[in-house]
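> input30.txt (compact mmCIF, C-alpha atoms) pasted underneath:
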```txt
# COMPACT_ATOMS: atom_id res chain seq x y z
CA MET A 317 99.46 80.67 153.42
CA ASN A 318 101.20 84.01 152.80
CA HIS A 319 98.98 87.08 152.80
CA GLN A 320 99.51 89.81 150.23
CA PHE A 321 97.54 93.01 149.80
CA ALA A 322 96.34 94.72 146.63
CA ASN A 323 97.06 98.43 146.81
CA VAL A 324 94.05 100.48 145.78
CA PRO A 325 94.37 104.30 145.84
CA LEU A 326 92.39 105.76 148.74
CA GLN A 327 91.53 109.43 149.01
CA TRP A 328 89.34 111.52 151.28
CA VAL A 329 87.08 113.98 149.47
CA GLY A 330 84.72 116.65 150.68
CA PRO A 331 83.82 117.58 153.34
CA VAL A 332 80.07 117.21 153.02
CA ARG A 333 77.36 118.30 155.43
CA ILE A 334 74.86 115.55 156.37
CA THR A 335 71.86 115.91 158.69
CA GLY A 336 68.89 113.77 159.63
CA PRO A 337 67.17 112.05 162.58
CA ALA A 338 70.27 109.92 163.27
CA ILE A 339 73.10 112.14 162.05
CA ASP A 340 74.36 115.71 162.21
CA THR A 341 77.90 115.98 160.92
CA GLU A 342 80.29 117.49 158.44
CA THR A 343 82.69 114.81 157.30
CA GLU A 344 85.08 113.92 154.55
CA ILE A 345 84.29 110.81 152.50
CA PRO A 346 86.81 107.97 152.01
CA LEU A 347 86.96 106.39 148.55
CA ALA A 348 89.24 103.58 147.37
CA THR A 349 89.19 103.01 143.61
CA TYR A 350 91.19 102.79 140.41
CA GLU A 351 88.48 104.97 138.78
CA THR A 352 90.48 108.09 139.60
CA PRO A 353 88.04 110.67 138.11
CA LEU A 354 85.60 109.56 140.79
CA PHE A 355 87.58 111.44 143.46
CA ALA A 356 87.07 114.77 141.69
CA SER A 357 83.47 114.00 140.78
CA VAL A 358 82.33 113.11 144.30
CA ASN A 359 84.35 116.02 145.67
CA ARG A 360 82.46 118.42 143.37
CA GLY A 361 79.15 116.95 144.47
CA ALA A 362 80.14 117.28 148.12
CA ARG A 363 81.15 120.89 147.62
CA VAL A 364 77.88 121.92 145.98
CA ALA A 365 75.90 119.94 148.57
CA THR A 366 77.61 121.66 151.48
CA VAL A 367 77.27 125.21 150.10
CA SER A 368 73.61 124.42 149.40
CA GLY A 369 72.94 123.64 153.06
CA GLY A 370 73.81 119.99 153.21
CA ILE A 371 72.31 116.59 152.49
CA LYS A 372 69.39 115.21 154.48
CA ALA A 373 69.55 111.44 154.96
CA ILE A 374 67.46 108.85 156.76
CA VAL A 375 67.50 105.08 157.31
CA ILE A 376 64.00 103.86 156.45
CA ASP A 377 64.52 100.21 157.38
CA GLU A 378 67.23 97.64 158.09
CA ARG A 379 67.36 93.86 157.83
CA MET A 380 69.70 91.08 156.73
CA SER A 381 68.15 88.08 155.02
CA ARG A 382 69.02 84.44 154.51
CA SER A 383 66.78 82.03 152.62
CA VAL A 384 66.77 78.31 153.30
CA LEU A 385 65.46 75.49 151.14
CA PHE A 386 63.59 72.32 152.10
CA GLU A 387 62.31 69.42 150.02
CA ALA A 388 58.83 68.06 150.80
CA PRO A 389 57.24 64.90 149.40
CA ASP A 390 54.74 67.05 147.49
CA ALA A 391 53.25 70.56 147.36
CA VAL A 392 50.36 69.70 149.69
CA ARG A 393 52.65 68.63 152.50
CA ALA A 394 54.94 71.60 151.84
CA PHE A 395 51.91 73.85 152.35
CA HIS A 396 50.87 72.11 155.58
CA CYS A 397 54.43 72.37 156.91
CA LEU A 398 54.48 76.07 156.12
CA ASP A 399 51.32 76.53 158.20
CA ARG A 400 53.03 74.82 161.16
CA ILE A 401 56.18 76.92 160.73
CA LYS A 402 54.17 80.15 160.68
CA ALA A 403 52.34 79.13 163.85
CA ASP A 404 55.70 78.43 165.50
CA PHE A 405 57.20 81.83 164.54
CA PRO A 406 57.51 83.15 168.14
CA SER A 407 59.50 80.04 169.08
CA LEU A 408 61.74 80.54 166.05
CA GLY A 409 62.54 84.03 167.30
CA LYS A 410 63.64 82.68 170.66
CA THR A 411 65.92 80.18 168.93
CA VAL A 412 67.63 82.96 167.00
CA GLU A 413 68.41 84.80 170.21
CA THR A 414 70.38 81.78 171.46
CA THR A 415 72.76 82.05 168.48
CA SER A 416 73.89 85.67 168.97
CA ARG A 417 73.74 88.60 171.35
CA PHE A 418 72.54 90.84 168.53
CA ALA A 419 70.62 88.78 165.95
CA ARG A 420 66.83 89.16 166.12
CA LEU A 421 64.30 87.49 163.80
CA ILE A 422 61.89 90.17 162.58
CA ASP A 423 60.10 88.61 159.61
CA MET A 424 59.76 85.58 157.36
CA HIS A 425 58.61 85.21 153.75
CA SER A 426 57.92 82.02 151.85
CA GLN A 427 57.57 80.55 148.38
CA ILE A 428 56.49 77.05 147.34
CA ALA A 429 57.64 75.77 143.94
CA GLY A 430 56.42 72.25 143.26
CA ASN A 431 57.58 70.21 146.25
CA LEU A 432 60.20 72.80 147.29
CA LEU A 433 59.71 75.12 150.26
CA PHE A 434 61.73 78.33 150.30
CA LEU A 435 61.85 80.40 153.51
CA ARG A 436 63.40 83.87 153.63
CA PHE A 437 64.34 84.79 157.21
CA GLU A 438 64.99 88.46 157.97
CA PHE A 439 67.04 89.64 160.94
CA THR A 440 68.41 92.73 162.57
CA THR A 441 72.12 92.25 163.28
CA GLY A 442 73.36 95.23 165.31
CA ASP A 443 76.46 96.92 163.91
CA ALA A 444 77.46 93.93 161.75
CA SER A 445 76.46 93.66 158.12
CA GLY A 446 75.15 90.30 159.29
CA HIS A 447 76.00 87.69 156.66
CA ASN A 448 77.51 85.18 159.08
CA MET A 449 75.11 86.04 161.87
CA ALA A 450 72.12 85.38 159.61
CA THR A 451 73.59 82.11 158.34
CA LEU A 452 74.32 80.84 161.85
CA ALA A 453 70.80 81.72 162.97
CA SER A 454 69.30 80.10 159.87
CA GLU A 455 71.16 76.85 160.56
CA ALA A 456 69.58 76.72 164.01
CA LEU A 457 66.16 77.49 162.53
CA MET A 458 66.51 74.74 159.94
CA ASN A 459 67.28 72.21 162.67
CA GLN A 460 64.23 73.31 164.63
CA ILE A 461 61.98 73.15 161.56
CA LEU A 462 63.21 69.66 160.63
CA GLU A 463 62.17 68.51 164.11
CA LEU A 464 58.82 70.28 163.79
CA CYS A 465 58.20 68.90 160.28
CA PRO A 466 59.98 65.52 159.95
CA GLU A 467 58.52 65.02 156.47
CA LEU A 468 60.81 67.78 155.21
CA ASN A 469 64.35 67.13 154.01
CA TYR A 470 67.29 69.54 154.15
CA GLU A 471 68.19 70.90 150.70
CA SER A 472 70.38 73.99 151.27
CA ILE A 473 71.23 76.67 153.80
CA SER A 474 70.93 79.15 150.91
CA GLY A 475 68.12 78.95 148.39
CA ASN A 476 68.78 82.20 146.43
CA TYR A 477 65.55 83.75 147.69
CA CYS A 478 67.80 85.83 150.02
CA SER A 479 69.15 87.13 147.51
CA ASP A 480 72.84 87.49 148.28
CA LYS A 481 75.01 89.35 145.77
CA LYS A 482 72.44 89.18 142.99
CA ALA A 483 70.23 91.90 141.50
CA THR A 484 66.71 90.63 142.19
CA GLY A 485 63.23 92.04 142.48
CA VAL A 486 62.72 90.62 145.97
CA ASN A 487 65.61 92.62 147.43
CA GLY A 488 64.37 95.83 145.86
CA ILE A 489 60.88 95.21 147.24
CA LEU A 490 61.65 93.85 150.72
CA GLY A 491 65.08 95.42 151.22
CA ARG A 492 68.34 93.79 152.25
CA GLY A 493 70.72 95.72 154.46
CA LYS A 494 69.97 99.37 155.16
CA TYR A 495 67.18 101.09 153.21
CA VAL A 496 68.42 104.69 152.93
CA VAL A 497 67.17 107.87 151.26
CA ALA A 498 69.39 110.95 150.83
CA GLU A 499 68.15 114.25 149.39
CA LEU A 500 69.43 117.72 148.58
CA THR A 501 68.08 121.05 147.36
CA VAL A 502 70.50 123.06 145.21
CA PRO A 503 69.67 126.71 144.43
CA GLY A 504 69.64 127.38 140.71
CA LYS A 505 72.47 129.90 140.89
CA LEU A 506 74.70 127.36 142.64
CA CYS A 507 73.75 124.74 140.06
CA ARG A 508 74.98 127.05 137.34
CA ARG A 509 78.09 128.16 139.24
CA TYR A 510 79.41 124.83 140.56
CA LEU A 511 77.87 122.25 138.22
CA ARG A 512 77.78 124.36 135.02
CA THR A 513 74.23 123.26 134.30
CA THR A 514 70.63 124.14 135.20
CA PRO A 515 67.97 122.42 137.28
CA GLU A 516 65.86 121.99 134.11
CA LYS A 517 68.62 120.23 132.18
CA THR A 518 69.40 117.93 135.10
CA VAL A 519 65.76 116.94 135.58
CA GLN A 520 65.27 116.29 131.86
CA LEU A 521 68.37 114.12 131.64
CA ASN A 522 67.40 112.15 134.74
CA ILE A 523 64.02 111.33 133.18
CA ARG A 524 65.39 110.46 129.76
CA LYS A 525 68.57 108.63 130.83
CA ASN A 526 67.97 107.17 134.27
CA LEU A 527 64.25 106.45 133.98
CA ILE A 528 63.39 105.88 130.31
CA GLY A 529 66.83 104.52 129.42
CA SER A 530 66.75 102.06 132.32
CA VAL A 531 63.26 100.86 131.31
CA LEU A 532 64.44 100.26 127.75
CA ALA A 533 67.45 98.36 129.08
CA GLY A 534 65.26 96.17 131.30
CA GLY A 535 66.67 97.58 134.55
CA LEU A 536 65.57 95.57 137.59
CA ARG A 537 64.11 98.03 140.12
CA SER A 538 66.99 100.29 139.21
CA ALA A 539 67.09 103.76 137.66
CA ASN A 540 70.40 105.49 138.29
CA ALA A 541 73.53 106.60 136.48
CA HIS A 542 76.37 104.95 138.42
CA TYR A 543 75.66 104.07 142.04
CA ALA A 544 78.07 101.12 141.74
CA ASN A 545 81.07 103.43 141.28
CA MET A 546 80.60 105.19 144.61
CA LEU A 547 79.53 102.04 146.43
CA LEU A 548 82.58 100.06 145.38
CA ALA A 549 84.95 102.88 146.37
CA PHE A 550 83.21 103.40 149.72
CA TYR A 551 82.96 99.67 150.46
CA LEU A 552 86.65 99.07 149.79
CA ALA A 553 87.64 102.07 151.91
CA THR A 554 85.53 100.94 154.89
CA GLY A 555 86.19 97.18 154.86
CA GLN A 556 82.88 95.99 153.42
CA ASP A 557 82.19 92.92 151.27
CA ALA A 558 82.56 94.61 147.89
CA ALA A 559 80.47 91.99 146.06
CA ASN A 560 77.40 93.46 147.76
CA ILE A 561 77.50 96.39 145.36
CA ILE A 562 75.50 94.08 143.05
CA GLU A 563 72.29 94.46 145.04
CA GLY A 564 73.46 97.75 146.53
CA SER A 565 73.50 99.45 143.14
CA GLN A 566 69.77 98.84 142.75
CA GLY A 567 68.24 102.22 143.44
CA ILE A 568 66.34 105.17 142.04
CA THR A 569 67.50 108.74 141.36
CA GLN A 570 64.87 111.48 141.42
CA ALA A 571 65.17 115.10 140.34
CA GLU A 572 62.62 117.92 140.31
CA VAL A 573 62.59 121.63 139.57
CA ARG A 574 61.20 123.40 142.62
CA GLY A 575 60.94 127.10 141.96
CA ASP A 576 64.44 128.08 140.80
CA ASN A 577 65.96 125.17 142.72
CA LEU A 578 66.97 121.61 141.91
CA TRP A 579 65.67 118.95 144.31
CA PHE A 580 67.74 115.78 143.99
CA ALA A 581 67.40 112.45 145.80
CA VAL A 582 68.81 108.93 145.79
CA THR A 583 66.99 105.90 147.20
CA LEU A 584 69.07 102.83 148.07
CA PRO A 585 67.09 99.90 149.53
CA ASN A 586 70.03 97.49 149.73
CA LEU A 587 73.01 99.13 151.43
CA ILE A 588 74.87 96.29 153.16
CA VAL A 589 77.41 97.84 155.52
CA GLY A 590 78.75 97.14 159.00
CA THR A 591 81.24 98.59 161.44
CA VAL A 592 82.22 95.30 163.13
CA GLY A 593 83.00 91.87 161.76
CA ASN A 594 85.13 90.51 158.95
CA GLY A 595 87.65 93.02 157.57
CA LYS A 596 86.96 95.71 160.17
CA ALA A 597 90.03 94.85 162.27
CA LEU A 598 92.47 95.78 159.51
CA PRO A 599 94.40 98.83 160.74
CA PHE A 600 93.50 101.11 157.83
CA VAL A 601 89.81 100.14 158.08
CA ALA A 602 89.74 100.75 161.82
CA ASP A 603 91.31 104.18 161.26
CA VAL A 604 88.79 105.06 158.54
CA LEU A 605 85.80 104.02 160.65
CA ALA A 606 87.11 105.95 163.64
CA ARG A 607 87.63 109.06 161.52
CA LEU A 608 84.02 108.75 160.29
CA GLY A 609 82.79 108.59 163.89
CA CYS A 610 81.59 105.02 163.41
CA ARG A 611 83.45 103.45 166.31
CA GLU A 612 81.74 105.37 169.10
CA ALA A 613 80.01 103.79 172.10
CA ARG A 614 76.41 103.91 170.90
CA GLU A 615 73.38 101.66 171.06
CA PRO A 616 73.76 98.49 168.93
CA GLY A 617 73.28 99.27 165.25
CA ALA A 618 73.78 103.04 165.53
CA ASN A 619 77.34 103.04 164.15
CA ALA A 620 76.32 100.94 161.14
CA ARG A 621 73.37 103.24 160.47
CA ARG A 622 75.68 106.26 160.58
CA LEU A 623 78.00 104.56 158.10
CA ALA A 624 75.07 103.82 155.77
CA LEU A 625 73.98 107.47 155.86
CA ILE A 626 77.48 108.68 154.96
CA CYS A 627 77.61 106.08 152.18
CA ALA A 628 74.29 107.29 150.75
CA ALA A 629 75.58 110.87 150.83
CA ALA A 630 78.63 109.76 148.84
CA VAL A 631 76.36 108.14 146.27
CA LEU A 632 74.28 111.31 145.96
CA CYS A 633 77.38 113.48 145.47
CA GLY A 634 78.75 111.29 142.69
CA GLU A 635 75.38 110.83 141.02
CA LEU A 636 74.65 114.56 140.95
CA SER A 637 78.09 115.44 139.64
CA LEU A 638 77.96 112.91 136.80
CA LEU A 639 74.46 113.87 135.66
CA ALA A 640 75.50 117.52 135.61
CA ALA A 641 78.57 116.68 133.52
CA LEU A 642 76.50 114.65 131.06
CA THR A 643 74.29 117.66 130.28
CA ASN A 644 77.34 119.28 128.62
CA PRO A 645 78.76 117.80 125.40
CA GLY A 646 82.34 116.57 125.79
CA GLU A 647 82.68 117.31 129.53
CA LEU A 648 82.78 113.68 130.67
CA MET A 649 85.50 112.57 128.25
CA THR A 650 87.55 115.72 128.78
CA ALA A 651 87.58 115.09 132.54
CA HIS A 652 88.57 111.45 132.08
CA ARG A 653 91.43 112.32 129.73
CA LYS A 654 92.72 115.01 132.04
CA LEU A 655 92.45 113.09 135.32
CA GLU A 656 93.38 109.58 134.18
CA ARG A 657 96.38 110.61 132.12
CA SER A 658 97.76 112.69 134.96
```
Could you write out this structure as structure tokens?

Amino acid sequence: MNHQFANVPLQWVGPVRITGPAIDTETEIPLATYETPLFASVNRGARVATVSGGIKAIVIDERMSRSVLFEAPDAVRAFHCLDRIKADFPSLGKTVETTSRFARLIDMHSQIAGNLLFLRFEFTTGDASGHNMATLASEALMNQILELCPELNYESISGNYCSDKKATGVNGILGRGKYVVAELTVPGKLCRRYLRTTPEKTVQLNIRKNLIGSVLAGGLRSANAHYANMLLAFYLATGQDAANIIEGSQGITQAEVRGDNLWFAVTLPNLIVGTVGNGKALPFVADVLARLGCREAREPGANARRLALICAAAVLCGELSLLAALTNPGELMTAHRKLERS
């Protein structure tokens, strides 16, 4: 099979200042997209963030999930099997450790629907995003559970309770990938100078568009303007599985007036990124990750957490810039005409 490559424009924007418990850096942000106005938009957000003192970002939690599905003769026996599986949880954890140097079982959730038993296993996976690692571990766990509960039958290695590449409530609640919060305080005078808007206008639009508008639209644990734009561009530039922007774009934008300042934050509970694994060996990806400082010799998982923090900062920059533009009639379309036609 001959391999061909789709050429997607990649640009570095910024730099942006990012600080937090696990990061202290000033870095440019790589974006690969056909949505060319995004380069200028994120660049503007990065500029105002840096002159305002920088973005603070933190990883709240991290886990990769895989749900498996068993068939029981009836609901009663499904329930009794679940009790046995829960009692055997420490043994399940030891089994996972035999499948990988880095995979660790940290939690399990369950649902019974009729005679069907759904188990959602949650793992830490080091610097990998963890899709394959979680699947391999789950296969071993299924085999162990079928021995423990012979009345169960195998149904599927994936039961959609994961939920992989789908916008679901369970992912927003439990998290899948890195759960990251990034925040920024912009002085009012810098808001007016760089974003051509005010803290008050930005806060009002965030409430009316992102919060009320998303409720009216039936948004699923999601209240933001366009996280998916920045996520897709960042994922493609850093060798991630781009389909994970589906759950990744679930998140909440907050904005408050604090004195004369604008406080602005993005919360992303489902950032699925890794610095090793599929796609990361491509030369341009390896170069990008090295330039971001995500190929250093650190404790397992630290490089992936750094990448998630930079990704969240990129989302904040683009989100802030777009909301500011939308407070001014005609600004969005004028920018698109100018940048796309050139």
> Closest to Ile588 in chain A among A:Ala444, A:Ala362, A:Ala498, A:Leu457, using only C-alpha atoms?
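Among the listed residues, A:Ala444 lies closest to Ile588 in chain A.
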> Just the residues within 12 Å of Ala606 in chain A, please, counting all atoms listed in the file, with nothing from its chain fewer than 5 positions along; format it as a tab-separated table (two decimals) with C-alpha atoms, in the frame of the given file.

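To be explicit, this is the file written out as result-v9.tsv:
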```tsv
chain	number	residue	atom	x	y	z
A	343	THR	CA	82.69	114.81	157.30
A	346	PRO	CA	86.81	107.97	152.01
A	554	THR	CA	85.53	100.94	154.89
A	591	THR	CA	81.24	98.59	161.44
A	592	VAL	CA	82.22	95.30	163.13
A	596	LYS	CA	86.96	95.71	160.17
A	597	ALA	CA	90.03	94.85	162.27
A	599	PRO	CA	94.40	98.83	160.74
A	600	PHE	CA	93.50	101.11	157.83
A	601	VAL	CA	89.81	100.14	158.08
A	611	ARG	CA	83.45	103.45	166.31
A	612	GLU	CA	81.74	105.37	169.10
A	613	ALA	CA	80.01	103.79	172.10
A	619	ASN	CA	77.34	103.04	164.15
A	622	ARG	CA	75.68	106.26	160.58
A	623	LEU	CA	78.00	104.56	158.10
```
> Quick one: residues within 9 Å of (76.6, 118.4, 155.0) (file frame), counting all atoms listed in the file, please, as a VMD selection string.
chain A and resid 331 to 335 340 to 343 362 365 to 372 629
> Using only C-alpha atoms and a cutoff of 10 Å, can you tell me which residues are near (93.6, 109.3, 152.3) in the file's coordinates, and write them out as a PyMOL selection string?
chain A and resi 325-329+344-348+553+600+604
> Show which residues sit within 8 Å of Asn487 in chain A, as an MDAnalysis selection string. Count all atoms listed in the file, and ignore same-chain residues fewer than 2 positions away.
chainID A and resid 478:479 483:485 489:492 563 585:586
> Taking into account only C-alpha atoms, which residue in the set A:Val519, A:Leu642, A:Val497, A:Met424 is nearest to Val573 in chain A?
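Ranked by minimum distance to Val573 in chain A, first place goes to A:Val519.
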> CA of Leu506 in chain A and CA of Phe580 in chain A are how many Å apart?
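Between CA of Leu506 in chain A and CA of Phe580 in chain A the gap is 13.6 Å.
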> Taking into account all atoms listed in the file, which residue in the set A:Ala628, A:Leu532, A:Cys507, A:Ile374 is nearest to Asn577 in chain A?
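Among the listed residues, A:Cys507 lies closest to Asn577 in chain A.
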> So which one's closest to Val486 in chain A, A:Thr441, A:Ala456, A:Leu432, A:Gln427? Using all atoms listed in the file, please.
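Ranked by minimum distance to Val486 in chain A, first place goes to A:Gln427.
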> Out of A:Arg393, A:Gly593, A:Ala322, A:Ala356, which residue has the shortest atom-to-atom distance to Gly430 in chain A when counting only C-alpha atoms?
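Of all the options, A:Arg393 lies closest to Gly430 in chain A.
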> Contacts of range 632-641 of chain A at 7 Å or less, counting only C-alpha atoms, minus same-chain residues fewer than 6 places along, as a PDB file with C-alpha atoms, in the frame of the given file?

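And here's part_2.pdb as it stands now:
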```pdb
ATOM      1  CA  SER A 357      83.470 114.000 140.780  1.00  0.00           C
ATOM      2  CA  VAL A 358      82.330 113.110 144.300  1.00  0.00           C
ATOM      3  CA  ARG A 360      82.460 118.420 143.370  1.00  0.00           C
ATOM      4  CA  GLY A 361      79.150 116.950 144.470  1.00  0.00           C
ATOM      5  CA  ALA A 362      80.140 117.280 148.120  1.00  0.00           C
ATOM      6  CA  ALA A 498      69.390 110.950 150.830  1.00  0.00           C
ATOM      7  CA  LEU A 511      77.870 122.250 138.220  1.00  0.00           C
ATOM      8  CA  THR A 513      74.230 123.260 134.300  1.00  0.00           C
ATOM      9  CA  THR A 518      69.400 117.930 135.100  1.00  0.00           C
ATOM     10  CA  ALA A 541      73.530 106.600 136.480  1.00  0.00           C
ATOM     11  CA  HIS A 542      76.370 104.950 138.420  1.00  0.00           C
ATOM     12  CA  TYR A 543      75.660 104.070 142.040  1.00  0.00           C
ATOM     13  CA  MET A 546      80.600 105.190 144.610  1.00  0.00           C
ATOM     14  CA  ALA A 581      67.400 112.450 145.800  1.00  0.00           C
ATOM     15  CA  VAL A 582      68.810 108.930 145.790  1.00  0.00           C
ATOM     16  CA  GLU A 647      82.680 117.310 129.530  1.00  0.00           C
ATOM     17  CA  LEU A 648      82.780 113.680 130.670  1.00  0.00           C
TER      18      LEU A 648
END
```
> Using CA of Thr643 in chain A and CA of Arg524 in chain A as the two end points, give the distance in Å to one decimal.
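These two atoms are separated by 11.5 Å.
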> Distance CA of Arg512 in chain A-CA of Trp579 in chain A, one decimal place?
16.2 Å
> Mind working out the centre and edge lengths of an axis-aligned box for range 531-534 of chain A, all listed atoms inside, 8 Å added to each side, rounded to one decimal in Å and written as lines of an AutoDock Vina configuration file?

```
center_x = 65.4
center_y = 98.5
center_z = 129.5
size_x = 20.2
size_y = 20.7
size_z = 19.6
```
> Just add N, CA and C atoms to range 537-560 of chain A and send it as a compact mmCIF listing (two decimals), keeping the file's coordinate frame.

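Writing the result to rebuild-v9.txt gives the following:
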```
# COMPACT_ATOMS: atom_id res chain seq x y z
N ARG A 537 64.34 97.12 139.00
CA ARG A 537 64.11 98.03 140.12
C ARG A 537 65.32 98.95 140.31
N SER A 538 65.79 99.48 139.19
CA SER A 538 66.99 100.29 139.21
C SER A 538 66.88 101.39 138.17
N ALA A 539 67.13 102.63 138.58
CA ALA A 539 67.09 103.76 137.66
C ALA A 539 68.09 104.80 138.15
N ASN A 540 69.35 104.56 137.85
CA ASN A 540 70.40 105.49 138.29
C ASN A 540 71.54 105.48 137.28
N ALA A 541 72.44 106.44 137.44
CA ALA A 541 73.53 106.60 136.48
C ALA A 541 74.73 105.72 136.82
N HIS A 542 75.16 105.72 138.10
CA HIS A 542 76.37 104.95 138.42
C HIS A 542 76.56 104.74 139.91
N TYR A 543 75.53 104.32 140.60
CA TYR A 543 75.66 104.07 142.04
C TYR A 543 76.84 103.15 142.34
N ALA A 544 77.04 102.14 141.47
CA ALA A 544 78.07 101.12 141.74
C ALA A 544 79.46 101.73 141.89
N ASN A 545 79.76 102.80 141.18
CA ASN A 545 81.07 103.43 141.28
C ASN A 545 81.35 103.91 142.70
N MET A 546 80.40 104.65 143.26
CA MET A 546 80.60 105.19 144.61
C MET A 546 80.53 104.08 145.66
N LEU A 547 79.65 103.12 145.45
CA LEU A 547 79.53 102.04 146.43
C LEU A 547 80.80 101.22 146.51
N LEU A 548 81.36 100.85 145.35
CA LEU A 548 82.58 100.06 145.38
C LEU A 548 83.70 100.81 146.09
N ALA A 549 83.88 102.09 145.76
CA ALA A 549 84.95 102.88 146.37
C ALA A 549 84.75 103.03 147.87
N PHE A 550 83.50 103.24 148.29
CA PHE A 550 83.21 103.40 149.72
C PHE A 550 83.34 102.07 150.44
N TYR A 551 82.87 100.99 149.83
CA TYR A 551 82.96 99.67 150.46
C TYR A 551 84.41 99.25 150.66
N LEU A 552 85.24 99.45 149.65
CA LEU A 552 86.65 99.07 149.79
C LEU A 552 87.35 99.92 150.85
N ALA A 553 87.00 101.18 150.94
CA ALA A 553 87.64 102.07 151.91
C ALA A 553 87.23 101.76 153.34
N THR A 554 86.05 101.15 153.53
CA THR A 554 85.53 100.94 154.89
C THR A 554 85.44 99.46 155.26
N GLY A 555 86.09 98.59 154.48
CA GLY A 555 86.19 97.18 154.86
C GLY A 555 84.93 96.36 154.66
N GLN A 556 84.10 96.73 153.68
CA GLN A 556 82.88 95.99 153.42
C GLN A 556 83.12 94.87 152.40
N ASP A 557 82.16 93.96 152.30
CA ASP A 557 82.19 92.92 151.27
C ASP A 557 81.80 93.57 149.95
N ALA A 558 82.79 93.80 149.09
CA ALA A 558 82.56 94.61 147.89
C ALA A 558 81.58 93.96 146.92
N ALA A 559 81.40 92.64 146.98
CA ALA A 559 80.47 91.99 146.06
C ALA A 559 79.03 92.43 146.31
N ASN A 560 78.76 93.00 147.48
CA ASN A 560 77.40 93.46 147.76
C ASN A 560 77.01 94.72 147.02
```
